[in-house]
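Trainee: PDB, C-alpha atoms, saved as data_17.pdb, coming up:
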```pdb
ATOM      1  CA  MET A   1     -76.480 -15.839  59.153
ATOM      2  CA  ASP A   2     -78.159 -14.354  56.094
ATOM      3  CA  TYR A   3     -78.136 -10.561  56.125
ATOM      4  CA  PHE A   4     -80.653 -10.144  53.304
ATOM      5  CA  GLU A   5     -81.883  -6.633  52.550
ATOM      6  CA  LYS A   6     -85.420  -6.321  51.174
ATOM      7  CA  ARG A   7     -86.099  -3.506  48.708
ATOM      8  CA  ILE A   8     -89.146  -1.516  49.811
ATOM      9  CA  ASP A   9     -89.272   1.040  47.026
ATOM     10  CA  GLY A  10     -87.076   3.259  44.936
ATOM     11  CA  GLU A  11     -86.947   6.221  42.641
ATOM     12  CA  THR A  12     -84.827   6.747  39.539
ATOM     13  CA  LYS A  13     -82.860   9.944  40.120
ATOM     14  CA  TYR A  14     -80.953   9.985  36.834
ATOM     15  CA  GLU A  15     -81.411   8.323  33.441
ATOM     16  CA  GLY A  16     -78.265   8.403  31.346
ATOM     17  CA  VAL A  17     -76.930   7.120  28.068
ATOM     18  CA  ILE A  18     -75.307   4.068  29.695
ATOM     19  CA  VAL A  19     -76.368   4.084  33.355
ATOM     20  CA  ASN A  20     -79.353   4.969  35.487
ATOM     21  CA  VAL A  21     -79.081   5.920  39.156
ATOM     22  CA  ARG A  22     -81.708   4.843  41.658
ATOM     23  CA  LEU A  23     -82.263   5.762  45.297
ATOM     24  CA  ASP A  24     -83.936   2.865  47.101
ATOM     25  CA  ARG A  25     -85.246   2.252  50.575
ATOM     26  CA  ALA A  26     -84.394  -1.193  51.903
ATOM     27  CA  GLU A  27     -85.279  -3.075  55.059
ATOM     28  CA  LEU A  28     -82.406  -4.759  56.859
ATOM     29  CA  HIS A  29     -82.727  -8.149  58.566
ATOM     30  CA  THR A  30     -83.060  -6.186  61.851
ATOM     31  CA  GLY A  31     -86.135  -4.331  60.558
ATOM     32  CA  ARG A  32     -84.305  -1.014  60.231
ATOM     33  CA  VAL A  33     -84.948   0.901  56.978
ATOM     34  CA  VAL A  34     -81.923   2.354  55.152
ATOM     35  CA  LYS A  35     -81.219   4.175  51.892
ATOM     36  CA  ARG A  36     -79.305   2.435  49.093
ATOM     37  CA  GLU A  37     -77.929   4.100  45.960
ATOM     38  CA  VAL A  38     -77.828   1.823  42.927
ATOM     39  CA  VAL A  39     -76.136   2.451  39.590
ATOM     40  CA  GLU A  40     -77.942   0.314  37.005
ATOM     41  CA  HIS A  41     -75.500  -0.791  34.278
ATOM     42  CA  PRO A  42     -76.104  -3.218  31.372
ATOM     43  CA  GLY A  43     -72.866  -5.113  32.047
ATOM     44  CA  GLY A  44     -70.044  -5.851  29.670
ATOM     45  CA  VAL A  45     -67.185  -8.031  28.559
ATOM     46  CA  THR A  46     -63.411  -8.041  28.828
ATOM     47  CA  VAL A  47     -61.253 -10.015  26.393
ATOM     48  CA  LEU A  48     -57.544 -10.699  26.796
ATOM     49  CA  PRO A  49     -56.126 -11.782  23.412
ATOM     50  CA  ILE A  50     -53.077 -14.062  23.732
ATOM     51  CA  ASP A  51     -51.010 -15.164  20.738
ATOM     52  CA  GLU A  52     -49.123 -18.459  20.306
ATOM     53  CA  ASP A  53     -45.934 -16.856  21.733
ATOM     54  CA  GLY A  54     -47.654 -15.767  24.962
ATOM     55  CA  ASN A  55     -47.988 -12.114  23.974
ATOM     56  CA  CYS A  56     -51.113 -10.218  25.012
ATOM     57  CA  TYR A  57     -52.698  -7.285  23.241
ATOM     58  CA  LEU A  58     -54.034  -4.440  25.353
ATOM     59  CA  VAL A  59     -55.376  -1.017  24.486
ATOM     60  CA  SER A  60     -54.221   2.305  25.823
ATOM     61  CA  GLN A  61     -56.959   4.895  25.917
ATOM     62  CA  PHE A  62     -57.808   8.169  27.596
ATOM     63  CA  ARG A  63     -60.215   7.727  30.480
ATOM     64  CA  TYR A  64     -62.059  10.949  31.163
ATOM     65  CA  PRO A  65     -62.908  10.369  34.866
ATOM     66  CA  PHE A  66     -59.191   9.959  35.654
ATOM     67  CA  GLY A  67     -57.898  12.491  33.145
ATOM     68  CA  ARG A  68     -55.223  10.218  31.713
ATOM     69  CA  MET A  69     -54.394   7.235  29.549
ATOM     70  CA  LEU A  70     -54.925   3.759  31.029
ATOM     71  CA  LEU A  71     -53.679   0.397  29.778
ATOM     72  CA  GLU A  72     -56.581  -2.052  29.596
ATOM     73  CA  ALA A  73     -57.715  -5.334  28.132
ATOM     74  CA  PRO A  74     -60.160  -4.748  25.260
ATOM     75  CA  ALA A  75     -63.661  -4.387  26.654
ATOM     76  CA  GLY A  76     -67.103  -3.009  26.037
ATOM     77  CA  LYS A  77     -70.666  -2.926  27.247
ATOM     78  CA  LEU A  78     -73.365  -5.428  26.485
ATOM     79  CA  GLU A  79     -76.226  -4.345  24.290
ATOM     80  CA  LYS A  80     -79.677  -5.081  25.751
ATOM     81  CA  GLY A  81     -80.255  -8.854  25.720
ATOM     82  CA  GLU A  82     -76.896  -9.540  24.025
ATOM     83  CA  ASN A  83     -75.045 -12.794  24.591
ATOM     84  CA  PRO A  84     -71.704 -12.023  26.307
ATOM     85  CA  LEU A  85     -69.821 -14.355  23.927
ATOM     86  CA  TYR A  86     -71.091 -12.408  20.912
ATOM     87  CA  SER A  87     -70.175  -9.138  22.629
ATOM     88  CA  ALA A  88     -66.661 -10.460  23.351
ATOM     89  CA  GLU A  89     -66.158 -11.366  19.681
ATOM     90  CA  ARG A  90     -67.407  -7.924  18.617
ATOM     91  CA  GLU A  91     -65.276  -5.959  21.079
ATOM     92  CA  LEU A  92     -62.153  -7.969  20.236
ATOM     93  CA  SER A  93     -62.616  -7.132  16.551
ATOM     94  CA  GLU A  94     -63.588  -3.492  17.078
ATOM     95  CA  GLU A  95     -60.724  -2.600  19.401
ATOM     96  CA  THR A  96     -57.861  -4.772  18.111
ATOM     97  CA  GLY A  97     -58.905  -6.042  14.677
ATOM     98  CA  PHE A  98     -58.407  -9.630  15.862
ATOM     99  CA  SER A  99     -60.757 -12.543  15.491
ATOM    100  CA  ALA A 100     -60.119 -15.704  17.503
ATOM    101  CA  ASP A 101     -60.496 -19.439  16.991
ATOM    102  CA  GLN A 102     -61.312 -19.895  20.672
ATOM    103  CA  LEU A 103     -62.749 -17.734  23.432
ATOM    104  CA  VAL A 104     -62.427 -19.242  26.906
ATOM    105  CA  TYR A 105     -64.874 -17.968  29.516
ATOM    106  CA  MET A 106     -63.134 -17.112  32.784
ATOM    107  CA  GLY A 107     -66.212 -16.089  34.750
ATOM    108  CA  PRO A 108     -68.021 -12.961  35.872
ATOM    109  CA  ASN A 109     -66.646  -9.974  37.749
ATOM    110  CA  TYR A 110     -68.914  -7.771  39.875
ATOM    111  CA  THR A 111     -67.103  -4.486  39.303
ATOM    112  CA  SER A 112     -68.426  -2.516  42.278
ATOM    113  CA  PRO A 113     -71.030  -4.607  44.138
ATOM    114  CA  GLY A 114     -71.635  -1.998  46.820
ATOM    115  CA  ILE A 115     -73.300   0.396  44.376
ATOM    116  CA  SER A 116     -73.510  -1.034  40.851
ATOM    117  CA  THR A 117     -75.309  -3.842  39.006
ATOM    118  CA  GLU A 118     -72.464  -4.023  36.440
ATOM    119  CA  VAL A 119     -71.205  -7.541  35.722
ATOM    120  CA  LEU A 120     -68.228  -7.960  33.388
ATOM    121  CA  HIS A 121     -67.764 -11.327  31.696
ATOM    122  CA  ILE A 122     -64.068 -12.165  31.276
ATOM    123  CA  TYR A 123     -62.704 -14.081  28.289
ATOM    124  CA  LEU A 124     -59.311 -15.190  27.023
ATOM    125  CA  ALA A 125     -58.895 -15.250  23.228
ATOM    126  CA  PHE A 126     -56.639 -17.781  21.478
ATOM    127  CA  GLY A 127     -55.892 -18.606  17.845
ATOM    128  CA  LEU A 128     -55.726 -14.962  16.829
ATOM    129  CA  HIS A 129     -56.206 -13.760  13.261
ATOM    130  CA  ALA A 130     -55.206 -10.183  12.464
ATOM    131  CA  GLY A 131     -57.647  -7.823  10.815
ATOM    132  CA  GLU A 132     -58.561  -4.161  10.739
ATOM    133  CA  SER A 133     -59.768  -2.560  13.971
ATOM    134  CA  HIS A 134     -62.897  -0.432  13.811
ATOM    135  CA  PRO A 135     -63.469   1.327  17.139
ATOM    136  CA  ASP A 136     -66.758   2.993  18.008
ATOM    137  CA  GLU A 137     -67.221   6.613  16.998
ATOM    138  CA  GLY A 138     -65.391   8.843  19.457
ATOM    139  CA  GLU A 139     -63.257   5.949  20.734
ATOM    140  CA  TYR A 140     -59.518   6.460  20.236
ATOM    141  CA  LEU A 141     -57.058   3.838  21.365
ATOM    142  CA  ASN A 142     -53.641   2.352  20.721
ATOM    143  CA  VAL A 143     -53.094  -1.409  20.596
ATOM    144  CA  GLU A 144     -49.995  -2.484  22.533
ATOM    145  CA  LYS A 145     -48.317  -5.908  22.764
ATOM    146  CA  TYR A 146     -46.808  -7.283  25.985
ATOM    147  CA  PRO A 147     -45.610 -10.735  27.073
ATOM    148  CA  LEU A 148     -48.012 -12.144  29.669
ATOM    149  CA  ARG A 149     -45.137 -12.504  32.150
ATOM    150  CA  GLN A 150     -44.424  -8.757  31.858
ATOM    151  CA  LEU A 151     -48.106  -7.915  32.376
ATOM    152  CA  VAL A 152     -48.191 -10.002  35.562
ATOM    153  CA  GLU A 153     -45.158  -8.098  36.837
ATOM    154  CA  MET A 154     -46.787  -4.767  35.902
ATOM    155  CA  VAL A 155     -49.924  -5.779  37.791
ATOM    156  CA  MET A 156     -47.943  -6.713  40.883
ATOM    157  CA  ARG A 157     -45.996  -3.410  40.784
ATOM    158  CA  GLY A 158     -49.259  -1.452  40.540
ATOM    159  CA  GLU A 159     -48.524  -0.205  37.023
ATOM    160  CA  ILE A 160     -51.799  -1.604  35.712
ATOM    161  CA  GLU A 161     -54.640  -0.117  37.708
ATOM    162  CA  ASP A 162     -57.718  -1.177  35.774
ATOM    163  CA  GLY A 163     -59.594  -3.862  37.724
ATOM    164  CA  LYS A 164     -60.905  -5.872  34.779
ATOM    165  CA  THR A 165     -57.424  -6.013  33.258
ATOM    166  CA  ILE A 166     -55.814  -7.088  36.526
ATOM    167  CA  ILE A 167     -58.329  -9.912  36.860
ATOM    168  CA  ALA A 168     -57.961 -11.009  33.218
ATOM    169  CA  VAL A 169     -54.146 -11.023  33.407
ATOM    170  CA  LEU A 170     -53.993 -12.998  36.653
ATOM    171  CA  LYS A 171     -56.656 -15.470  35.498
ATOM    172  CA  ALA A 172     -54.792 -15.915  32.204
ATOM    173  CA  GLU A 173     -51.575 -16.674  34.053
ATOM    174  CA  LYS A 174     -53.281 -19.273  36.259
ATOM    175  CA  TYR A 175     -55.186 -20.788  33.318
ATOM    176  CA  LEU A 176     -52.044 -21.173  31.216
ATOM    177  CA  GLN A 177     -50.092 -22.652  34.159
ATOM    178  CA  GLY A 178     -52.748 -25.356  34.339
ATOM    179  CA  LYS A 179     -52.322 -26.090  30.624
ATOM    180  CA  ARG A 180     -48.571 -26.805  30.935
TER     181      ARG A 180
END
```
Give the structure from the file, written as structure tokens.

Mentor:
Amino acid sequence: MDYFEKRIDGETKYEGVIVNVRLDRAELHTGRVVKREVVEHPGGVTVLPIDEDGNCYLVSQFRYPFGRMLLEAPAGKLEKGENPLYSAERELSEETGFSADQLVYMGPNYTSPGISTEVLHIYLAFGLHAGESHPDEGEYLNVEKYPLRQLVEMVMRGEIEDGKTIIAVLKAEKYLQGKR
């Protein structure tokens, strides 16, 4: 059965720097009308850089909503109309200083499909070349190196809590197992 919900109308309640928030009315398949809150987000990319020895490079940065540092795969938002591959190359360079010979697309991730339009495109980066990082203004982060095996263990112990990073690490593990 298809439980499609038809948007009747909506009103933007907040216009922000990155997101807008809408309150919609939608008709359910039963004919009942309900309210739906939607966070409009431009989407983004996540890149997990992996060197020839199986080490991954993550960033540790303060995340204001949680009031603490989180360990994450390098990531950033898409500019309007931007190709995700180009965004992945840019974010990799900005946050880690690396460029890569190969970026492997691992698919999309709907970060919070119950309320948000955000789609993150996940990439693995191989053939790394070191360079100088150049984070965005107001962005402060530390680059940290971990063996992929250790990251998988950290994910499974709940030590890595960021969803995009969990997905990238587990997809990287599965992808590399298939390459052996």

Trainee: Go through A:Thr12, A:Thr46, A:Thr96, A:Thr117 one by one, measure the shortest atom-to-atom distance of each to Ser60 in chain A using only C-alpha atoms, and give the residue with the smallest value.

Mentor: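 That would be A:Thr96, the residue with the smallest distance to Ser60 in chain A.
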
Trainee: Residue by residue, what does the PyMOL selection byres ((chain A and resi 17) around 12) grab here? Present the result as a PyMOL selection string.

Mentor: chain A and resi 14-16+18-21+40-42+77

Trainee: Write out as a PDB file with C-alpha atoms, keeping the file's coordinate frame each polymer residue whose atoms come within 9 Å of Leu120 in chain A, counting all atoms listed in the file; drop sequence neighbours fewer than 4 positions from it.

Mentor:
```
ATOM      1  CA  GLY A  43     -72.866  -5.113  32.047  1.00  0.00           C
ATOM      2  CA  GLY A  44     -70.044  -5.851  29.670  1.00  0.00           C
ATOM      3  CA  VAL A  45     -67.185  -8.031  28.559  1.00  0.00           C
ATOM      4  CA  THR A  46     -63.411  -8.041  28.828  1.00  0.00           C
ATOM      5  CA  ALA A  75     -63.661  -4.387  26.654  1.00  0.00           C
ATOM      6  CA  GLY A  76     -67.103  -3.009  26.037  1.00  0.00           C
ATOM      7  CA  LYS A  77     -70.666  -2.926  27.247  1.00  0.00           C
ATOM      8  CA  LEU A  78     -73.365  -5.428  26.485  1.00  0.00           C
ATOM      9  CA  PRO A  84     -71.704 -12.023  26.307  1.00  0.00           C
ATOM     10  CA  GLY A 107     -66.212 -16.089  34.750  1.00  0.00           C
ATOM     11  CA  PRO A 108     -68.021 -12.961  35.872  1.00  0.00           C
ATOM     12  CA  ASN A 109     -66.646  -9.974  37.749  1.00  0.00           C
ATOM     13  CA  TYR A 110     -68.914  -7.771  39.875  1.00  0.00           C
ATOM     14  CA  THR A 111     -67.103  -4.486  39.303  1.00  0.00           C
ATOM     15  CA  LYS A 164     -60.905  -5.872  34.779  1.00  0.00           C
TER      16      LYS A 164
END
```

Trainee: To one decimal place in Å, what is the distance between CA of Phe4 in chain A and CA of Leu28 in chain A?

Mentor: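 Answer for the CA of Phe4 in chain A to CA of Leu28 in chain A separation: 6.7 Å.
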
Trainee: Residues within 12 Å of Val143 in chain A, please, as a list in words. Count only C-alpha atoms; anything in the same chain fewer than 3 positions from it doesn't count.

Mentor: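 Residues near the query, excluding close chain neighbours: Pro49, Cys56, Tyr57, Leu58, Val59, Ser60, Gln61, Leu70, Leu71, Glu72, Ala73, Pro74, Leu92, Ser93, Glu94, Glu95, Thr96, Gly97, Phe98, Glu132, Ser133, His134, Pro135, Tyr140 and Tyr146 of chain A.
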
Trainee: So the first atom is CA of Leu176 in chain A and the second is CA of Arg157 in chain A; what is the distance between them in Å, to one decimal place?

Mentor: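 Computing it gives 21.1 Å between the two atoms.
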
Trainee: Name the residues in contact with range 32-38 of chain A at a cut-off of 8 Å, using only C-alpha atoms, excluding same-chain residues fewer than 2 positions from it; report them as JSON, numbers by chain.

Mentor: {"A": [21, 22, 23, 24, 25, 26, 27, 28, 29, 30, 40, 115, 116, 117]}

Trainee: What's the separation between CA of Val47 in chain A and CA of Gly114 in chain A, in Å to one decimal place?

Mentor: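 Between CA of Val47 in chain A and CA of Gly114 in chain A the gap works out to 24.3 Å.
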
Trainee: Taking all atoms listed in the file into account, name the residue in A:Glu139, A:Asp9, A:Glu153, A:Asp101 that is nearest to Arg63 in chain A.

Mentor: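 With all atoms listed in the file as the atom set, the closest residue is A:Glu139.
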
Trainee: Tell me which of A:Leu141, A:Arg90, A:Leu48, A:Gly54 sits closest to Lys171 in chain A, counting all atoms listed in the file.

Mentor: A:Leu48

Trainee: What residues come out when you apply the PyMOL selection byres ((chain A and resi 128) around 8) to this file, written as a PDB file with C-alpha atoms, keeping the file's coordinate frame?

Mentor:
```pdb
ATOM      1  CA  PRO A  49     -56.126 -11.782  23.412  1.00  0.00           C
ATOM      2  CA  ILE A  50     -53.077 -14.062  23.732  1.00  0.00           C
ATOM      3  CA  ASP A  51     -51.010 -15.164  20.738  1.00  0.00           C
ATOM      4  CA  PHE A  98     -58.407  -9.630  15.862  1.00  0.00           C
ATOM      5  CA  SER A  99     -60.757 -12.543  15.491  1.00  0.00           C
ATOM      6  CA  ALA A 100     -60.119 -15.704  17.503  1.00  0.00           C
ATOM      7  CA  ASP A 101     -60.496 -19.439  16.991  1.00  0.00           C
ATOM      8  CA  ALA A 125     -58.895 -15.250  23.228  1.00  0.00           C
ATOM      9  CA  PHE A 126     -56.639 -17.781  21.478  1.00  0.00           C
ATOM     10  CA  GLY A 127     -55.892 -18.606  17.845  1.00  0.00           C
ATOM     11  CA  HIS A 129     -56.206 -13.760  13.261  1.00  0.00           C
ATOM     12  CA  ALA A 130     -55.206 -10.183  12.464  1.00  0.00           C
TER      13      ALA A 130
END
```

Trainee: Would you mind writing range 53-67 of chain A with N, CA and C atoms, as a CSV table (one decimal), in the coordinates of the input?

Mentor:
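For reference, rebuild-v2.csv as written:
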```
chain,number,residue,atom,x,y,z
A,53,ASP,N,-47.2,-17.1,21.0
A,53,ASP,CA,-45.9,-16.9,21.7
A,53,ASP,C,-46.1,-16.3,23.2
A,54,GLY,N,-47.4,-16.2,23.6
A,54,GLY,CA,-47.7,-15.8,25.0
A,54,GLY,C,-47.7,-14.3,25.1
A,55,ASN,N,-47.8,-13.6,23.9
A,55,ASN,CA,-48.0,-12.1,24.0
A,55,ASN,C,-49.5,-11.8,24.1
A,56,CYS,N,-49.8,-10.7,24.8
A,56,CYS,CA,-51.1,-10.2,25.0
A,56,CYS,C,-51.2,-8.9,24.4
A,57,TYR,N,-52.4,-8.6,23.9
A,57,TYR,CA,-52.7,-7.3,23.2
A,57,TYR,C,-53.7,-6.5,24.1
A,58,LEU,N,-53.2,-5.3,24.5
A,58,LEU,CA,-54.0,-4.4,25.4
A,58,LEU,C,-54.2,-3.1,24.6
A,59,VAL,N,-55.1,-2.3,25.1
A,59,VAL,CA,-55.4,-1.0,24.5
A,59,VAL,C,-55.1,0.1,25.5
A,60,SER,N,-54.5,1.1,25.0
A,60,SER,CA,-54.2,2.3,25.8
A,60,SER,C,-55.2,3.4,25.4
A,61,GLN,N,-56.0,3.9,26.3
A,61,GLN,CA,-57.0,4.9,25.9
A,61,GLN,C,-57.1,5.9,27.0
A,62,PHE,N,-57.6,7.1,26.6
A,62,PHE,CA,-57.8,8.2,27.6
A,62,PHE,C,-59.1,7.9,28.3
A,63,ARG,N,-59.0,7.9,29.7
A,63,ARG,CA,-60.2,7.7,30.5
A,63,ARG,C,-60.6,9.0,31.2
A,64,TYR,N,-61.6,9.6,30.7
A,64,TYR,CA,-62.1,10.9,31.2
A,64,TYR,C,-62.2,11.1,32.7
A,65,PRO,N,-62.8,10.2,33.4
A,65,PRO,CA,-62.9,10.4,34.9
A,65,PRO,C,-61.6,10.5,35.6
A,66,PHE,N,-60.5,9.9,35.0
A,66,PHE,CA,-59.2,10.0,35.7
A,66,PHE,C,-58.3,10.9,35.0
A,67,GLY,N,-58.7,11.5,33.8
A,67,GLY,CA,-57.9,12.5,33.1
A,67,GLY,C,-56.6,12.0,32.6
```
